[in-house]
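Chemist: Sending over coords12.cif (mmCIF, C-alpha atoms).
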data_start
#
loop_
_atom_site.group_PDB
_atom_site.id
_atom_site.type_symbol
_atom_site.label_atom_id
_atom_site.label_comp_id
_atom_site.auth_asym_id
_atom_site.auth_seq_id
_atom_site.Cartn_x
_atom_site.Cartn_y
_atom_site.Cartn_z
ATOM 1 C CA MET A 16 77.990 108.714 182.000
ATOM 2 C CA TYR A 17 79.417 105.298 182.774
ATOM 3 C CA LYS A 18 81.437 104.604 185.904
ATOM 4 C CA ASP A 19 85.168 104.752 185.226
ATOM 5 C CA ILE A 20 86.905 101.381 185.245
ATOM 6 C CA ALA A 21 90.034 102.916 186.721
ATOM 7 C CA THR A 22 89.098 103.367 190.347
ATOM 8 C CA PRO A 23 90.442 101.113 193.102
ATOM 9 C CA ILE A 24 86.940 99.886 194.054
ATOM 10 C CA ARG A 25 85.746 99.179 190.493
ATOM 11 C CA THR A 26 89.062 97.554 189.526
ATOM 12 C CA LYS A 27 88.856 95.196 192.519
ATOM 13 C CA GLU A 28 85.221 94.382 191.674
ATOM 14 C CA ILE A 29 86.166 93.436 188.114
ATOM 15 C CA LEU A 30 89.204 91.378 189.164
ATOM 16 C CA ASN A 31 87.136 89.526 191.794
ATOM 17 C CA LYS A 32 84.276 88.905 189.379
ATOM 18 C CA TYR A 33 86.589 87.132 186.958
ATOM 19 C CA GLY A 34 88.982 85.650 189.528
ATOM 20 C CA PHE A 35 91.816 87.392 187.706
ATOM 21 C CA SER A 36 95.376 87.078 189.007
ATOM 22 C CA PHE A 37 98.217 89.232 187.737
ATOM 23 C CA LYS A 38 100.949 87.627 185.672
ATOM 24 C CA LYS A 39 104.334 89.099 186.487
ATOM 25 C CA SER A 40 105.693 87.634 183.249
ATOM 26 C CA LEU A 41 103.336 89.899 181.276
ATOM 27 C CA GLY A 42 104.208 93.034 183.253
ATOM 28 C CA GLN A 43 100.595 93.621 184.269
ATOM 29 C CA ASN A 44 100.141 96.789 186.341
ATOM 30 C CA PHE A 45 96.694 98.367 185.987
ATOM 31 C CA LEU A 46 96.090 102.098 186.423
ATOM 32 C CA ILE A 47 93.550 103.023 189.088
ATOM 33 C CA ASP A 48 93.432 106.819 188.724
ATOM 34 C CA PRO A 49 91.020 108.310 186.136
ATOM 35 C CA ASN A 50 92.748 111.722 186.300
ATOM 36 C CA ILE A 51 96.050 110.203 185.147
ATOM 37 C CA LEU A 52 94.243 108.485 182.283
ATOM 38 C CA ARG A 53 92.527 111.708 181.209
ATOM 39 C CA ASN A 54 95.929 113.440 181.232
ATOM 40 C CA ILE A 55 97.510 110.698 179.112
ATOM 41 C CA VAL A 56 94.741 110.963 176.524
ATOM 42 C CA SER A 57 94.928 114.773 176.495
ATOM 43 C CA HIS A 58 98.629 114.596 175.507
ATOM 44 C CA ALA A 59 97.650 112.650 172.384
ATOM 45 C CA ASN A 60 95.473 115.535 171.073
ATOM 46 C CA LEU A 61 92.839 113.180 169.675
ATOM 47 C CA THR A 62 89.712 114.420 167.912
ATOM 48 C CA ALA A 63 86.422 112.775 166.996
ATOM 49 C CA GLU A 64 88.060 111.892 163.655
ATOM 50 C CA SER A 65 91.205 110.277 165.165
ATOM 51 C CA GLY A 66 92.164 106.653 165.560
ATOM 52 C CA ALA A 67 94.015 105.210 168.561
ATOM 53 C CA ILE A 68 96.111 102.059 168.764
ATOM 54 C CA GLU A 69 96.623 100.598 172.230
ATOM 55 C CA VAL A 70 98.942 97.832 173.441
ATOM 56 C CA GLY A 71 98.016 95.831 176.537
ATOM 57 C CA PRO A 72 94.588 97.205 177.522
ATOM 58 C CA GLY A 73 94.373 95.166 180.721
ATOM 59 C CA ILE A 74 90.774 95.508 181.921
ATOM 60 C CA GLY A 75 90.096 98.510 179.661
ATOM 61 C CA ALA A 76 90.927 101.439 181.960
ATOM 62 C CA LEU A 77 92.758 103.506 179.329
ATOM 63 C CA THR A 78 90.776 101.988 176.472
ATOM 64 C CA GLU A 79 87.495 103.536 177.622
ATOM 65 C CA HIS A 80 89.042 107.012 177.844
ATOM 66 C CA LEU A 81 90.400 106.567 174.317
ATOM 67 C CA ALA A 82 86.969 105.386 173.146
ATOM 68 C CA ARG A 83 85.427 108.586 174.512
ATOM 69 C CA ALA A 84 87.985 110.766 172.684
ATOM 70 C CA ALA A 85 88.569 109.012 169.350
ATOM 71 C CA LYS A 86 86.557 107.729 166.419
ATOM 72 C CA LYS A 87 88.043 104.216 166.609
ATOM 73 C CA VAL A 88 90.263 102.342 169.079
ATOM 74 C CA VAL A 89 92.135 99.157 168.202
ATOM 75 C CA SER A 90 93.720 97.434 171.168
ATOM 76 C CA PHE A 91 96.145 94.486 171.084
ATOM 77 C CA GLU A 92 95.913 92.099 174.049
ATOM 78 C CA ILE A 93 98.128 89.021 174.417
ATOM 79 C CA ASP A 94 96.462 87.565 177.538
ATOM 80 C CA GLN A 95 93.496 85.408 176.553
ATOM 81 C CA ARG A 96 92.127 85.551 180.124
ATOM 82 C CA LEU A 97 91.369 89.254 179.646
ATOM 83 C CA LEU A 98 89.219 88.878 176.516
ATOM 84 C CA PRO A 99 85.930 88.164 178.353
ATOM 85 C CA VAL A 100 86.765 90.893 180.882
ATOM 86 C CA LEU A 101 87.233 93.453 178.101
ATOM 87 C CA GLU A 102 84.078 92.311 176.328
ATOM 88 C CA ASP A 103 82.235 93.092 179.559
ATOM 89 C CA THR A 104 83.927 96.335 180.661
ATOM 90 C CA LEU A 105 83.963 97.898 177.184
ATOM 91 C CA SER A 106 80.446 96.814 176.200
ATOM 92 C CA PRO A 107 79.168 100.437 176.343
ATOM 93 C CA TYR A 108 81.553 101.424 173.523
ATOM 94 C CA ASP A 109 80.892 100.348 169.934
ATOM 95 C CA ASN A 110 84.056 101.960 168.544
ATOM 96 C CA VAL A 111 86.565 99.562 170.163
ATOM 97 C CA LYS A 112 88.150 96.521 168.518
ATOM 98 C CA ILE A 113 90.155 94.106 170.678
ATOM 99 C CA VAL A 114 92.739 92.095 168.739
ATOM 100 C CA HIS A 115 93.968 88.979 170.548
ATOM 101 C CA SER A 116 97.584 89.071 169.419
ATOM 102 C CA ASP A 117 101.156 89.615 170.493
ATOM 103 C CA ILE A 118 101.892 93.108 169.167
ATOM 104 C CA LEU A 119 105.463 92.024 168.354
ATOM 105 C CA LYS A 120 104.105 89.445 165.892
ATOM 106 C CA ALA A 121 101.090 91.363 164.594
ATOM 107 C CA ASP A 122 100.756 92.921 161.146
ATOM 108 C CA VAL A 123 99.703 96.269 162.576
ATOM 109 C CA GLU A 124 99.564 98.027 159.217
ATOM 110 C CA LYS A 125 97.080 95.445 157.910
ATOM 111 C CA VAL A 126 94.938 95.843 161.046
ATOM 112 C CA ILE A 127 94.948 99.639 160.554
ATOM 113 C CA GLU A 128 93.844 99.209 156.921
ATOM 114 C CA GLU A 129 91.006 96.878 157.933
ATOM 115 C CA GLU A 130 89.824 98.628 161.106
ATOM 116 C CA MET A 131 90.519 102.306 160.404
ATOM 117 C CA PRO A 132 89.691 102.959 156.750
ATOM 118 C CA GLY A 133 89.642 106.656 155.962
ATOM 119 C CA ILE A 134 91.101 107.700 159.325
ATOM 120 C CA LYS A 135 94.043 110.009 158.642
ATOM 121 C CA ASP A 136 95.114 110.901 162.187
ATOM 122 C CA ILE A 137 96.270 107.877 164.204
ATOM 123 C CA MET A 138 98.165 107.798 167.500
ATOM 124 C CA VAL A 139 99.576 104.921 169.531
ATOM 125 C CA VAL A 140 98.450 105.506 173.123
ATOM 126 C CA ALA A 141 99.346 102.844 175.666
ATOM 127 C CA ASN A 142 100.563 101.820 179.083
ATOM 128 C CA LEU A 143 103.294 99.588 177.668
ATOM 129 C CA PRO A 144 104.377 96.372 179.399
ATOM 130 C CA TYR A 145 107.698 97.415 180.926
ATOM 131 C CA TYR A 146 109.575 94.237 180.078
ATOM 132 C CA VAL A 147 109.111 94.750 176.306
ATOM 133 C CA THR A 148 108.850 98.542 176.008
ATOM 134 C CA THR A 149 111.856 98.972 173.719
ATOM 135 C CA PRO A 150 111.106 96.057 171.353
ATOM 136 C CA ILE A 151 107.514 97.283 170.945
ATOM 137 C CA LEU A 152 108.573 100.850 170.181
ATOM 138 C CA MET A 153 111.289 99.779 167.749
ATOM 139 C CA LYS A 154 108.912 97.413 165.931
ATOM 140 C CA LEU A 155 106.224 100.071 165.547
ATOM 141 C CA LEU A 156 108.795 102.621 164.356
ATOM 142 C CA ASN A 157 110.489 100.216 161.945
ATOM 143 C CA ASP A 158 107.107 99.180 160.513
ATOM 144 C CA ARG A 159 106.715 102.743 159.179
ATOM 145 C CA LEU A 160 103.062 102.826 160.220
ATOM 146 C CA PRO A 161 100.775 105.625 158.977
ATOM 147 C CA ILE A 162 100.623 107.260 162.422
ATOM 148 C CA ARG A 163 101.254 110.738 163.829
ATOM 149 C CA GLY A 164 103.130 109.478 166.852
ATOM 150 C CA PHE A 165 102.965 107.904 170.305
ATOM 151 C CA VAL A 166 101.903 108.815 173.819
ATOM 152 C CA VAL A 167 103.096 105.881 175.901
ATOM 153 C CA MET A 168 103.840 105.097 179.525
ATOM 154 C CA MET A 169 106.953 103.232 180.552
ATOM 155 C CA GLN A 170 109.527 102.896 183.291
ATOM 156 C CA LYS A 171 110.923 106.381 184.010
ATOM 157 C CA GLU A 172 114.508 105.193 183.586
ATOM 158 C CA VAL A 173 113.758 104.059 180.007
ATOM 159 C CA ALA A 174 111.882 107.302 179.290
ATOM 160 C CA ASP A 175 114.959 109.255 180.442
ATOM 161 C CA ARG A 176 117.148 107.294 178.034
ATOM 162 C CA ILE A 177 114.769 107.688 175.088
ATOM 163 C CA THR A 178 114.446 111.468 175.528
ATOM 164 C CA ALA A 179 118.096 112.118 176.497
ATOM 165 C CA LYS A 180 120.238 114.803 174.849
ATOM 166 C CA PRO A 181 123.926 114.512 173.878
ATOM 167 C CA GLY A 182 126.364 114.989 176.738
ATOM 168 C CA THR A 183 124.127 113.433 179.398
ATOM 169 C CA LYS A 184 124.695 110.114 181.120
ATOM 170 C CA GLU A 185 121.322 108.790 179.884
ATOM 171 C CA TYR A 186 122.150 109.483 176.219
ATOM 172 C CA GLY A 187 122.989 106.377 174.224
ATOM 173 C CA SER A 188 122.223 104.253 171.194
ATOM 174 C CA LEU A 189 118.557 103.918 172.250
ATOM 175 C CA SER A 190 118.187 107.729 172.311
ATOM 176 C CA ILE A 191 119.480 107.904 168.754
ATOM 177 C CA ALA A 192 117.501 104.924 167.466
ATOM 178 C CA ILE A 193 114.237 106.526 168.664
ATOM 179 C CA GLN A 194 115.047 110.174 167.948
ATOM 180 C CA TYR A 195 115.998 109.304 164.368
ATOM 181 C CA TYR A 196 112.281 108.678 163.737
ATOM 182 C CA VAL A 197 110.540 111.007 166.205
ATOM 183 C CA SER A 198 110.885 114.045 168.433
ATOM 184 C CA ALA A 199 110.834 112.828 172.041
ATOM 185 C CA GLU A 200 109.767 114.511 175.265
ATOM 186 C CA ILE A 201 108.579 113.481 178.705
ATOM 187 C CA ALA A 202 104.953 114.579 179.052
ATOM 188 C CA MET A 203 104.372 113.609 182.703
ATOM 189 C CA ILE A 204 105.758 111.591 185.605
ATOM 190 C CA VAL A 205 103.460 108.942 187.082
ATOM 191 C CA PRO A 206 103.979 107.752 190.679
ATOM 192 C CA LYS A 207 103.913 104.028 191.458
ATOM 193 C CA THR A 208 100.984 104.562 193.853
ATOM 194 C CA VAL A 209 98.410 104.854 191.028
ATOM 195 C CA PHE A 210 98.888 101.250 189.881
ATOM 196 C CA MET A 211 97.514 97.911 190.999
ATOM 197 C CA PRO A 212 99.701 96.111 191.853
ATOM 198 C CA GLN A 213 102.301 98.815 192.513
ATOM 199 C CA PRO A 214 105.463 98.454 190.410
ATOM 200 C CA ASN A 215 108.868 98.886 192.029
ATOM 201 C CA VAL A 216 109.679 101.976 189.969
ATOM 202 C CA ASP A 217 108.176 105.311 188.991
ATOM 203 C CA SER A 218 106.814 105.686 185.486
ATOM 204 C CA ALA A 219 106.769 108.381 182.851
ATOM 205 C CA VAL A 220 104.567 109.159 179.881
ATOM 206 C CA ILE A 221 106.500 110.212 176.811
ATOM 207 C CA ARG A 222 105.218 111.888 173.675
ATOM 208 C CA LEU A 223 106.880 110.923 170.408
ATOM 209 C CA ILE A 224 105.887 112.808 167.241
ATOM 210 C CA LYS A 225 107.120 111.507 163.881
ATOM 211 C CA HIS A 226 109.577 113.630 161.905
ATOM 212 C CA GLU A 227 108.435 114.554 158.418
ATOM 213 C CA THR A 228 112.006 113.845 157.371
ATOM 214 C CA PRO A 229 114.764 112.285 159.534
ATOM 215 C CA PRO A 230 117.115 114.733 161.315
ATOM 216 C CA VAL A 231 119.997 113.374 159.238
ATOM 217 C CA GLU A 232 120.141 111.729 155.814
ATOM 218 C CA VAL A 233 122.329 108.625 155.670
ATOM 219 C CA ILE A 234 123.302 106.058 153.074
ATOM 220 C CA ASP A 235 121.994 103.190 155.192
ATOM 221 C CA GLU A 236 119.865 103.458 158.345
ATOM 222 C CA ASP A 237 120.754 99.997 159.673
ATOM 223 C CA PHE A 238 124.442 100.794 159.409
ATOM 224 C CA LEU A 239 123.917 104.096 161.258
ATOM 225 C CA PHE A 240 122.407 102.147 164.173
ATOM 226 C CA GLU A 241 125.234 99.585 164.014
ATOM 227 C CA VAL A 242 127.793 102.397 164.316
ATOM 228 C CA THR A 243 125.952 104.030 167.227
ATOM 229 C CA ARG A 244 125.654 100.717 169.095
ATOM 230 C CA ALA A 245 129.373 100.111 168.654
ATOM 231 C CA SER A 246 130.166 103.664 169.793
ATOM 232 C CA PHE A 247 128.368 103.170 173.120
ATOM 233 C CA ALA A 248 129.526 99.595 173.820
ATOM 234 C CA GLN A 249 131.787 100.765 176.653
ATOM 235 C CA ARG A 250 130.878 104.270 177.722
ATOM 236 C CA ARG A 251 134.226 105.101 179.303
ATOM 237 C CA LYS A 252 136.137 104.313 176.101
ATOM 238 C CA THR A 253 136.844 106.749 173.291
ATOM 239 C CA ILE A 254 134.927 106.581 170.044
ATOM 240 C CA LEU A 255 138.061 105.268 168.316
ATOM 241 C CA ASN A 256 138.503 102.390 170.778
ATOM 242 C CA ASN A 257 134.815 101.477 170.694
ATOM 243 C CA LEU A 258 134.682 101.447 166.890
ATOM 244 C CA GLN A 259 137.816 99.314 166.731
ATOM 245 C CA ALA A 260 136.230 96.828 169.130
ATOM 246 C CA GLY A 261 132.708 96.946 167.721
ATOM 247 C CA LEU A 262 133.078 97.010 163.930
ATOM 248 C CA PRO A 263 134.073 93.919 161.904
ATOM 249 C CA ASP A 264 137.885 93.622 161.880
ATOM 250 C CA GLY A 265 137.967 97.032 163.518
ATOM 251 C CA LYS A 266 141.399 96.572 165.057
ATOM 252 C CA LYS A 267 142.912 95.798 161.641
ATOM 253 C CA ASN A 268 141.199 98.859 160.200
ATOM 254 C CA LYS A 269 142.326 101.489 162.687
ATOM 255 C CA ALA A 270 143.780 103.676 159.939
ATOM 256 C CA PHE A 271 140.498 103.686 158.036
ATOM 257 C CA ILE A 272 138.492 104.477 161.185
ATOM 258 C CA LEU A 273 140.847 107.384 161.957
ATOM 259 C CA GLU A 274 140.433 108.665 158.409
ATOM 260 C CA ALA A 275 136.615 108.436 158.672
ATOM 261 C CA LEU A 276 136.664 110.309 161.999
ATOM 262 C CA GLU A 277 138.876 113.029 160.532
ATOM 263 C CA ASN A 278 136.658 113.364 157.440
ATOM 264 C CA SER A 279 133.651 113.715 159.748
ATOM 265 C CA GLY A 280 135.322 116.397 161.884
ATOM 266 C CA ILE A 281 135.280 114.179 164.987
ATOM 267 C CA GLU A 282 138.233 113.930 167.375
ATOM 268 C CA PRO A 283 139.163 110.258 167.971
ATOM 269 C CA THR A 284 139.435 110.949 171.726
ATOM 270 C CA ARG A 285 135.778 111.966 172.080
ATOM 271 C CA ARG A 286 133.256 109.610 173.666
ATOM 272 C CA GLY A 287 130.066 108.451 171.977
ATOM 273 C CA GLU A 288 127.811 110.342 174.371
ATOM 274 C CA THR A 289 129.186 113.695 173.113
ATOM 275 C CA LEU A 290 128.199 113.123 169.463
ATOM 276 C CA THR A 291 124.958 114.455 168.004
ATOM 277 C CA ILE A 292 122.831 112.346 165.693
ATOM 278 C CA GLN A 293 124.071 114.520 162.812
ATOM 279 C CA GLU A 294 127.698 113.693 163.678
ATOM 280 C CA PHE A 295 126.856 109.997 163.875
ATOM 281 C CA GLY A 296 125.232 110.295 160.450
ATOM 282 C CA LYS A 297 128.372 111.802 158.918
ATOM 283 C CA LEU A 298 130.529 109.176 160.598
ATOM 284 C CA ALA A 299 128.344 106.262 159.462
ATOM 285 C CA ASP A 300 128.472 107.496 155.850
ATOM 286 C CA ALA A 301 132.262 107.870 156.053
ATOM 287 C CA LEU A 302 132.667 104.331 157.440
ATOM 288 C CA TYR A 303 130.050 102.704 155.219
ATOM 289 C CA PRO A 304 132.065 101.977 152.040
ATOM 290 C CA HIS A 305 134.693 100.054 153.989
ATOM 291 C CA PHE A 306 132.675 98.227 156.644
ATOM 292 C CA TYR A 307 129.230 97.546 155.259
ATOM 293 C CA LYS A 308 128.809 93.837 154.522
ATOM 294 C CA GLY A 309 125.105 93.769 153.611
#
When written as structure tokens, how does the structure in this file appear?

Modeler:
Amino acid sequence: MYKDIATPIRTKEILNKYGFSFKKSLGQNFLIDPNILRNIVSHANLTAESGAIEVGPGIGALTEHLARAAKKVVSFEIDQRLLPVLEDTLSPYDNVKIVHSDILKADVEKVIEEEMPGIKDIMVVANLPYYVTTPILMKLLNDRLPIRGFVVMMQKEVADRITAKPGTKEYGSLSIAIQYYVSAEIAMIVPKTVFMPQPNVDSAVIRLIKHETPPVEVIDEDFLFEVTRASFAQRRKTILNNLQAGLPDGKKNKAFILEALENSGIEPTRRGETLTIQEFGKLADALYPHFYKG
């Protein structure tokens, strides 16, 4: 058995060997607790026939645990300085492919086709860079990748918003945008003390499993998200006021918005945070014929 990368001593050895310095701009915080990593991987329920996609492998701490659990691991790393480090630390594993690319610009589906032929069960498992957590998740969801879901670490505050239920202060347009595609739950809380360097915030690992069919059928998904964003623009305002302010020519179309709310069974005095995704779906379909300009 190889020595785990993710111990404080081994991590320092590797960083010193390569003279590596952390880049704050890339949100680099490396895990130094093998037990946390084993827990993260266990939440993904990988088998010897699974594939794993990782974003931001760092020095390979999580990558090696994925390599031990899965048939193939493909990891996207933006920082060129880490490529020789990863070649060294992951040399014992022949089932890992490091792709030097910005995940936000990568054709992930093409990489999956090339690197994981025949693999039916694929999970995204990653310690996401905190400064681009939401864009990464939304890209991977919008790309409609052939994956089962995600087990990803992020800032706890963002995890709370993603997994929030209607009627809570964390619930908002991000909750709906994510939960439209996946079921969302917090799998574990991760203290800041298990990172090098320590971040300023606690972290959480969330598990997102793709819906076989969305929780609500709508005429147009993009318009649904436009309506939800408008509905949460100012949380203290009513849904009517927010829609008037947030939709094109909304103030001129108050009568139509009121009619759409009535047809959807939604009181105009309610606030966005009280509406379920199903209610937003009904509302978006009722508003669509009048407001959609696509």

Chemist: For a test of reading the model, state the distance in Å between atom CA of A:Thr78 and atom CA of A:Asp158, rounded to one decimal.

Modeler: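 Atom CA of A:Asp158 lies at a distance of 23.0 Å from atom CA of A:Thr78.
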
Chemist: Given the file shown, enumerate the residues that the PyMOL selection byres ((chain A and resi 28-40) around 9) captures and present them as a list in words.

Modeler: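 Listing what the PyMOL selection byres ((chain A and resi 28-40) around 9) selects in the shown file: Ile20, Pro23, Ile24, Arg25, Thr26, Lys27, Leu41, Gly42, Gln43, Asn44, Ile74, Arg96, Leu97, Pro99, Val100, Thr104, Tyr146 and Pro212 of chain A.
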
Chemist: So, counting all atoms listed in the file, which residue among A:Asn215, A:Asn157, A:Ser116, A:Ser90 is closest to A:Tyr145?

Modeler: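 Using all atoms listed in the file, A:Tyr145 sits closest to A:Asn215.
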
Chemist: Could you jot down the atom CA of A:Thr62 to atom CA of A:Ala192 separation for me, Å, one decimal place?

Modeler: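 For atom CA of A:Thr62 relative to atom CA of A:Ala192, the distance reads 29.4 Å.
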
Chemist: In Å to one decimal, how far is atom CA of A:Val147 from atom CA of A:Ser65?

Modeler: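 Result for atom CA of A:Ser65 versus atom CA of A:Val147: 26.2 Å, one decimal.
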
Chemist: Which neighbours of A:Tyr108 fall inside 12 Å, counting only C-alpha atoms, when residues of the same chain fewer than 6 positions from it are skipped, and could you give them as a PyMOL selection string?

Modeler: chain A and resi 16-17+75+78-88+101-102

Chemist: Output as a tab-separated table one row per residue of stretch 105-213 of chain A within 10 Å of stretch 226-232 of chain A: the closest atom pair and its distance in Å to one decimal place, counting only C-alpha atoms, sorted by chain and residue number ascending.

Modeler:
residue	atom	partner	partner_atom	distance
A:Arg163	CA	A:His226	CA	9.0
A:Gly164	CA	A:His226	CA	9.1
A:Gln194	CA	A:Pro230	CA	8.3
A:Tyr195	CA	A:Pro229	CA	5.8
A:Tyr196	CA	A:His226	CA	5.9
A:Val197	CA	A:His226	CA	5.1
A:Ser198	CA	A:His226	CA	6.7

Chemist: For the file shown, report as a list in words the outcome of the PyMOL selection byres ((chain A and resi 298) around 10) at residue level.

Modeler: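 In the shown coordinates, the PyMOL selection byres ((chain A and resi 298) around 10) covers Val233, Leu239, Val242, Thr243, Ile272, Ala275, Leu276, Glu277, Asn278, Ser279, Gly280, Ile281, Leu290, Ile292, Gln293, Glu294, Phe295, Gly296, Lys297, Ala299, Asp300, Ala301, Leu302 and Tyr303 of chain A.
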
Chemist: Output stretch 151-168 of chain A with N, CA, C and O atoms present, as a PDB file, in the coordinates of the input.

Modeler:
ATOM      1  N   ILE A 151     108.796  96.837 171.515  1.00  0.00           N
ATOM      2  CA  ILE A 151     107.514  97.283 170.945  1.00  0.00           C
ATOM      3  C   ILE A 151     107.702  98.603 170.195  1.00  0.00           C
ATOM      4  O   ILE A 151     107.253  98.754 169.048  1.00  0.00           O
ATOM      5  N   LEU A 152     108.366  99.554 170.833  1.00  0.00           N
ATOM      6  CA  LEU A 152     108.573 100.850 170.181  1.00  0.00           C
ATOM      7  C   LEU A 152     109.361 100.703 168.887  1.00  0.00           C
ATOM      8  O   LEU A 152     109.003 101.285 167.856  1.00  0.00           O
ATOM      9  N   MET A 153     110.448  99.919 168.938  1.00  0.00           N
ATOM     10  CA  MET A 153     111.289  99.779 167.749  1.00  0.00           C
ATOM     11  C   MET A 153     110.532  99.071 166.619  1.00  0.00           C
ATOM     12  O   MET A 153     110.669  99.436 165.452  1.00  0.00           O
ATOM     13  N   LYS A 154     109.710  98.085 166.973  1.00  0.00           N
ATOM     14  CA  LYS A 154     108.912  97.413 165.931  1.00  0.00           C
ATOM     15  C   LYS A 154     107.948  98.398 165.264  1.00  0.00           C
ATOM     16  O   LYS A 154     107.859  98.466 164.029  1.00  0.00           O
ATOM     17  N   LEU A 155     107.224  99.159 166.098  1.00  0.00           N
ATOM     18  CA  LEU A 155     106.224 100.071 165.547  1.00  0.00           C
ATOM     19  C   LEU A 155     106.868 101.201 164.739  1.00  0.00           C
ATOM     20  O   LEU A 155     106.283 101.683 163.763  1.00  0.00           O
ATOM     21  N   LEU A 156     108.072 101.608 165.131  1.00  0.00           N
ATOM     22  CA  LEU A 156     108.795 102.621 164.356  1.00  0.00           C
ATOM     23  C   LEU A 156     109.329 102.030 163.050  1.00  0.00           C
ATOM     24  O   LEU A 156     109.199 102.632 161.980  1.00  0.00           O
ATOM     25  N   ASN A 157     109.923 100.852 163.139  1.00  0.00           N
ATOM     26  CA  ASN A 157     110.489 100.216 161.945  1.00  0.00           C
ATOM     27  C   ASN A 157     109.425  99.818 160.936  1.00  0.00           C
ATOM     28  O   ASN A 157     109.704  99.738 159.738  1.00  0.00           O
ATOM     29  N   ASP A 158     108.200  99.560 161.423  1.00  0.00           N
ATOM     30  CA  ASP A 158     107.107  99.180 160.513  1.00  0.00           C
ATOM     31  C   ASP A 158     106.609 100.346 159.662  1.00  0.00           C
ATOM     32  O   ASP A 158     105.787 100.142 158.759  1.00  0.00           O
ATOM     33  N   ARG A 159     107.099 101.552 159.965  1.00  0.00           N
ATOM     34  CA  ARG A 159     106.715 102.743 159.179  1.00  0.00           C
ATOM     35  C   ARG A 159     105.187 102.863 159.066  1.00  0.00           C
ATOM     36  O   ARG A 159     104.634 103.033 157.980  1.00  0.00           O
ATOM     37  N   LEU A 160     104.521 102.787 160.194  1.00  0.00           N
ATOM     38  CA  LEU A 160     103.062 102.826 160.220  1.00  0.00           C
ATOM     39  C   LEU A 160     102.550 104.229 159.865  1.00  0.00           C
ATOM     40  O   LEU A 160     103.232 105.229 160.123  1.00  0.00           O
ATOM     41  N   PRO A 161     101.352 104.315 159.321  1.00  0.00           N
ATOM     42  CA  PRO A 161     100.775 105.625 158.977  1.00  0.00           C
ATOM     43  C   PRO A 161     100.192 106.300 160.220  1.00  0.00           C
ATOM     44  O   PRO A 161      98.980 106.478 160.353  1.00  0.00           O
ATOM     45  N   ILE A 162     101.071 106.671 161.149  1.00  0.00           N
ATOM     46  CA  ILE A 162     100.623 107.260 162.422  1.00  0.00           C
ATOM     47  C   ILE A 162     101.295 108.620 162.626  1.00  0.00           C
ATOM     48  O   ILE A 162     102.336 108.903 162.027  1.00  0.00           O
ATOM     49  N   ARG A 163     100.664 109.428 163.482  1.00  0.00           N
ATOM     50  CA  ARG A 163     101.254 110.738 163.829  1.00  0.00           C
ATOM     51  C   ARG A 163     102.324 110.592 164.891  1.00  0.00           C
ATOM     52  O   ARG A 163     103.305 111.327 164.910  1.00  0.00           O
ATOM     53  N   GLY A 164     102.136 109.639 165.798  1.00  0.00           N
ATOM     54  CA  GLY A 164     103.130 109.478 166.852  1.00  0.00           C
ATOM     55  C   GLY A 164     102.621 108.589 167.973  1.00  0.00           C
ATOM     56  O   GLY A 164     101.701 107.781 167.790  1.00  0.00           O
ATOM     57  N   PHE A 165     103.224 108.768 169.155  1.00  0.00           N
ATOM     58  CA  PHE A 165     102.965 107.904 170.305  1.00  0.00           C
ATOM     59  C   PHE A 165     102.808 108.756 171.566  1.00  0.00           C
ATOM     60  O   PHE A 165     103.525 109.749 171.740  1.00  0.00           O
ATOM     61  N   VAL A 166     101.917 108.344 172.428  1.00  0.00           N
ATOM     62  CA  VAL A 166     101.903 108.815 173.819  1.00  0.00           C
ATOM     63  C   VAL A 166     101.860 107.535 174.658  1.00  0.00           C
ATOM     64  O   VAL A 166     100.835 106.854 174.699  1.00  0.00           O
ATOM     65  N   VAL A 167     102.992 107.197 175.261  1.00  0.00           N
ATOM     66  CA  VAL A 167     103.096 105.881 175.901  1.00  0.00           C
ATOM     67  C   VAL A 167     103.759 105.993 177.267  1.00  0.00           C
ATOM     68  O   VAL A 167     104.669 106.798 177.476  1.00  0.00           O
ATOM     69  N   MET A 168     103.276 105.142 178.179  1.00  0.00           N
ATOM     70  CA  MET A 168     103.840 105.097 179.525  1.00  0.00           C
ATOM     71  C   MET A 168     104.835 103.960 179.625  1.00  0.00           C
ATOM     72  O   MET A 168     104.631 102.888 179.050  1.00  0.00           O
TER      73      MET A 168
END
